[in-house]
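These notes concern the structure reproduced below.
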Amino acid sequence: MHSIKLPVGALSSQSWMQRLLPKRLWCQALLIQSVSMLLITGLAPSVINSVFAFELRSLGIQLDSIWCWLLLHMCVVSGLAKLARMPVWWRWIHVIFPLAVVFMQQVALPASVYFTGFIITLTLYWSVHNTRVPFYPSFPATWRALQRILEQHAGDKSLKVLDIGSGIGDIAMFLAKQRIHDQVSGIEIAPLPWAVSAVRALFSGTSVTFTLGDYRSINFAELDVVFAYLSPAVMQDVWQKVQQEMRPGCLFVTSEFPVPDTVAEHIVFPSAHSPALYVYLKQ
């Protein structure tokens, strides 16, 4: 494992806001939204009414309009997110979120719709806060590329293949249909994608199986190939499990997110619009 020596003063390069904010991005987002609303409801009305009220009314801007204060809130949260050096996509969330809240209030949907949405979101993203792995659907070009990798690795020899974070089961079912002698399975921690994959497996006409659970409960020593389409946050942990448990000569294939500080045996580009596959051979 390679170590990196930080230069003196590297930690102090963070802005004062970054040092004050919590480390988790969703905590930063909640804090920024809260601070902006407190500033607008507490300070902005008195300042604007005393300094800019006449100018704004002369421009036709009504201070009692919700859109006036909503626009101000969007500007404030966007500025705070930029000061905090949050990723660009989080800045867009800050802008879109208040608009979505006001829009949903205007539509006045029944509470059951929100409850249904909450249940679907909960079962789809389940433990993302813990696993740091959101739902990533794969592409058909990736399925076919993985099939070719298995054929080059073992030909017609039967393999035990596991897809960790199998989602709704696309890759596992494709491989089970194309390589009928392989023992293909998937494991998924989120209930909704797992339920969808389990139902699909019943009608797939193959022997593919899907398990609801955490990949860390699976013994990789019993497998020939492990495929993963997870996130950069967990690749080092997965690689440690591969190194500790998989037998020499077995394959670990990851889509889009390579193992940090480790050179892949092969890098396969399925198509121009799908992520690369990184192939690692256990030594």
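Convention: chains lettered A, B, ... in structure tokens order; per-chain residue numbering from 1; ligands numbered from 1 as shown.
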Report task. Can you pull out every residue within 12 Å of A:Val199, counting only C-alpha atoms, but drop anything in the same chain fewer than 5 positions away, and send it as a PyMOL selection string? Result -> chain A and resi 168-169+173+192-194+204-205+208-211
Query raised in the report: as a list in words, which residues of stretch 78-230 of chain A does DSSP assign to strand (DSSP E)?
Result: Lys160, Val161, Leu162, Asp163, Ile164, Gln183, Val184, Ser185, Gly186, Ile187, Glu188, Thr209, Phe210, Thr211, Leu212, Val225, Val226, Phe227 and Ala228 of chain A
Output C-alpha atoms of each residue in that selection to a file, as a PDB file, in the first residue's frame.
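Final file, selection_15.pdb:
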ATOM      1  CA  LYS A 160     -19.367 -19.524  -9.513  1.00  0.00           C
ATOM      2  CA  VAL A 161     -20.177 -15.866 -10.123  1.00  0.00           C
ATOM      3  CA  LEU A 162     -21.480 -13.347  -7.595  1.00  0.00           C
ATOM      4  CA  ASP A 163     -22.788  -9.874  -8.343  1.00  0.00           C
ATOM      5  CA  ILE A 164     -22.506  -7.772  -5.179  1.00  0.00           C
ATOM      6  CA  GLN A 183     -23.702 -20.828 -10.916  1.00  0.00           C
ATOM      7  CA  VAL A 184     -24.730 -17.167 -10.912  1.00  0.00           C
ATOM      8  CA  SER A 185     -26.070 -15.320  -7.890  1.00  0.00           C
ATOM      9  CA  GLY A 186     -26.534 -11.797  -6.633  1.00  0.00           C
ATOM     10  CA  ILE A 187     -26.738 -10.097  -3.265  1.00  0.00           C
ATOM     11  CA  GLU A 188     -28.510  -6.802  -2.601  1.00  0.00           C
ATOM     12  CA  THR A 209     -30.609 -16.698  -7.168  1.00  0.00           C
ATOM     13  CA  PHE A 210     -30.716 -13.427  -5.260  1.00  0.00           C
ATOM     14  CA  THR A 211     -30.071 -12.889  -1.562  1.00  0.00           C
ATOM     15  CA  LEU A 212     -31.194  -9.993   0.599  1.00  0.00           C
ATOM     16  CA  VAL A 225     -15.663 -14.378 -10.065  1.00  0.00           C
ATOM     17  CA  VAL A 226     -16.940 -11.403  -8.083  1.00  0.00           C
ATOM     18  CA  PHE A 227     -18.480  -8.478  -9.937  1.00  0.00           C
ATOM     19  CA  ALA A 228     -19.169  -5.109  -8.311  1.00  0.00           C
TER      20      ALA A 228
END
Report task. Could you tell me which of A:Leu70, A:Arg144, A:Lys241, A:Met86 comes closest to A:Phe103 if we count only C-alpha atoms? Result -> A:Leu70
Requested in this report: Taking the DSSP assignment computed from this structure's backbone, write out as a PyMOL selection string all residues of stretch 56-236 of chain A that belong to helix (DSSP H, G or I).
Outcome: chain A and resi 56-58+66-83+88-107+111-125+128-131+140-154+170-178+191-202+215-217+220-222+232-236
Query raised in the report: Using only C-alpha atoms, which residues sit within 9 Å of A:Tyr215 once same-chain residues fewer than 2 positions away are excluded, as number ranges by chain?
Result: A: 164-165, 187-189, 213, 217-219, 238
Can you spit out the residues from that selection as a PDB file, in the first residue's frame, using N, CA and C atoms?
ATOM      1  N   ILE A 164     -22.227  -8.433  -6.458  1.00  0.00           N
ATOM      2  CA  ILE A 164     -22.506  -7.772  -5.179  1.00  0.00           C
ATOM      3  C   ILE A 164     -23.100  -6.389  -5.449  1.00  0.00           C
ATOM      4  N   GLY A 165     -24.197  -6.110  -4.762  1.00  0.00           N
ATOM      5  CA  GLY A 165     -24.976  -4.920  -5.100  1.00  0.00           C
ATOM      6  C   GLY A 165     -25.703  -5.154  -6.404  1.00  0.00           C
ATOM      7  N   ILE A 187     -26.378 -10.489  -4.618  1.00  0.00           N
ATOM      8  CA  ILE A 187     -26.738 -10.097  -3.265  1.00  0.00           C
ATOM      9  C   ILE A 187     -26.989  -8.600  -3.247  1.00  0.00           C
ATOM     10  N   GLU A 188     -28.089  -8.197  -2.620  1.00  0.00           N
ATOM     11  CA  GLU A 188     -28.510  -6.802  -2.601  1.00  0.00           C
ATOM     12  C   GLU A 188     -29.039  -6.467  -1.215  1.00  0.00           C
ATOM     13  N   ILE A 189     -28.629  -5.304  -0.686  1.00  0.00           N
ATOM     14  CA  ILE A 189     -29.013  -4.939   0.673  1.00  0.00           C
ATOM     15  C   ILE A 189     -30.310  -4.142   0.724  1.00  0.00           C
ATOM     16  N   GLY A 213     -29.213  -9.050   1.645  1.00  0.00           N
ATOM     17  CA  GLY A 213     -28.210  -8.969   2.701  1.00  0.00           C
ATOM     18  C   GLY A 213     -26.992  -8.183   2.275  1.00  0.00           C
ATOM     19  N   SER A 217     -21.237 -10.656   4.379  1.00  0.00           N
ATOM     20  CA  SER A 217     -21.616 -11.932   5.005  1.00  0.00           C
ATOM     21  C   SER A 217     -21.312 -13.125   4.109  1.00  0.00           C
ATOM     22  N   ILE A 218     -20.894 -12.877   2.866  1.00  0.00           N
ATOM     23  CA  ILE A 218     -20.598 -13.944   1.912  1.00  0.00           C
ATOM     24  C   ILE A 218     -19.119 -14.300   1.974  1.00  0.00           C
ATOM     25  N   ASN A 219     -18.832 -15.596   1.912  1.00  0.00           N
ATOM     26  CA  ASN A 219     -17.451 -16.057   1.879  1.00  0.00           C
ATOM     27  C   ASN A 219     -16.967 -16.089   0.432  1.00  0.00           C
ATOM     28  N   VAL A 238     -13.863  -3.572  -0.209  1.00  0.00           N
ATOM     29  CA  VAL A 238     -14.157  -4.756  -1.028  1.00  0.00           C
ATOM     30  C   VAL A 238     -12.857  -5.437  -1.444  1.00  0.00           C
TER      31      VAL A 238
END
Query raised in the report: Which one is closest to A:Arg148: A:Pro191, A:Met246, A:Val268, A:Ala172? Count only C-alpha atoms.
Result: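 Of A:Pro191, A:Met246, A:Val268, A:Ala172, the one nearest A:Arg148 is A:Val268, counting only C-alpha atoms.
Compared by their closest atoms to A:Ala29, and using only C-alpha atoms, the residues A:Val263, A:Leu71, A:Val76, A:Ala81 rank with A:Ala81 nearest.
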Requested in this report: Excluding A:Leu80 and residues on its chain fewer than 4 positions from it, collect all residues at most 12 Å away from it, counting only C-alpha atoms, and give them as a list of chain:residue names.
Outcome: A:Met17, A:Gln18, A:Leu21, A:Gln28, A:Ala29, A:Leu30, A:Leu31, A:Ile32, A:Gln33, A:Ser34, A:Val35, A:Ser36, A:Leu39, A:His73, A:Met74, A:Cys75, A:Val76, A:Ala84, A:Arg85, A:Met86, A:Trp90, A:Arg91, A:His94, A:Val95
Report task. Using atom CA of A:Ala141 and atom CA of A:His273 as the two end points, give the distance in Å to one decimal. Result ->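 If I compute the distance from atom CA of A:Ala141 to atom CA of A:His273, I get 8.9 Å.
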Requested in this report: Quote the spacing between atom CA of A:Pro110 and atom CA of A:Thr123 in Å to one decimal place.
Outcome: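 So the answer is 21.0 Å.
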Query raised in the report: When distances are computed from only C-alpha atoms, which of A:Gln283, A:Ser78, A:Gln147, A:Ser274 shows the smallest separation from A:Val242?
Result: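 For A:Val242, the nearest of the given residues is A:Gln283.
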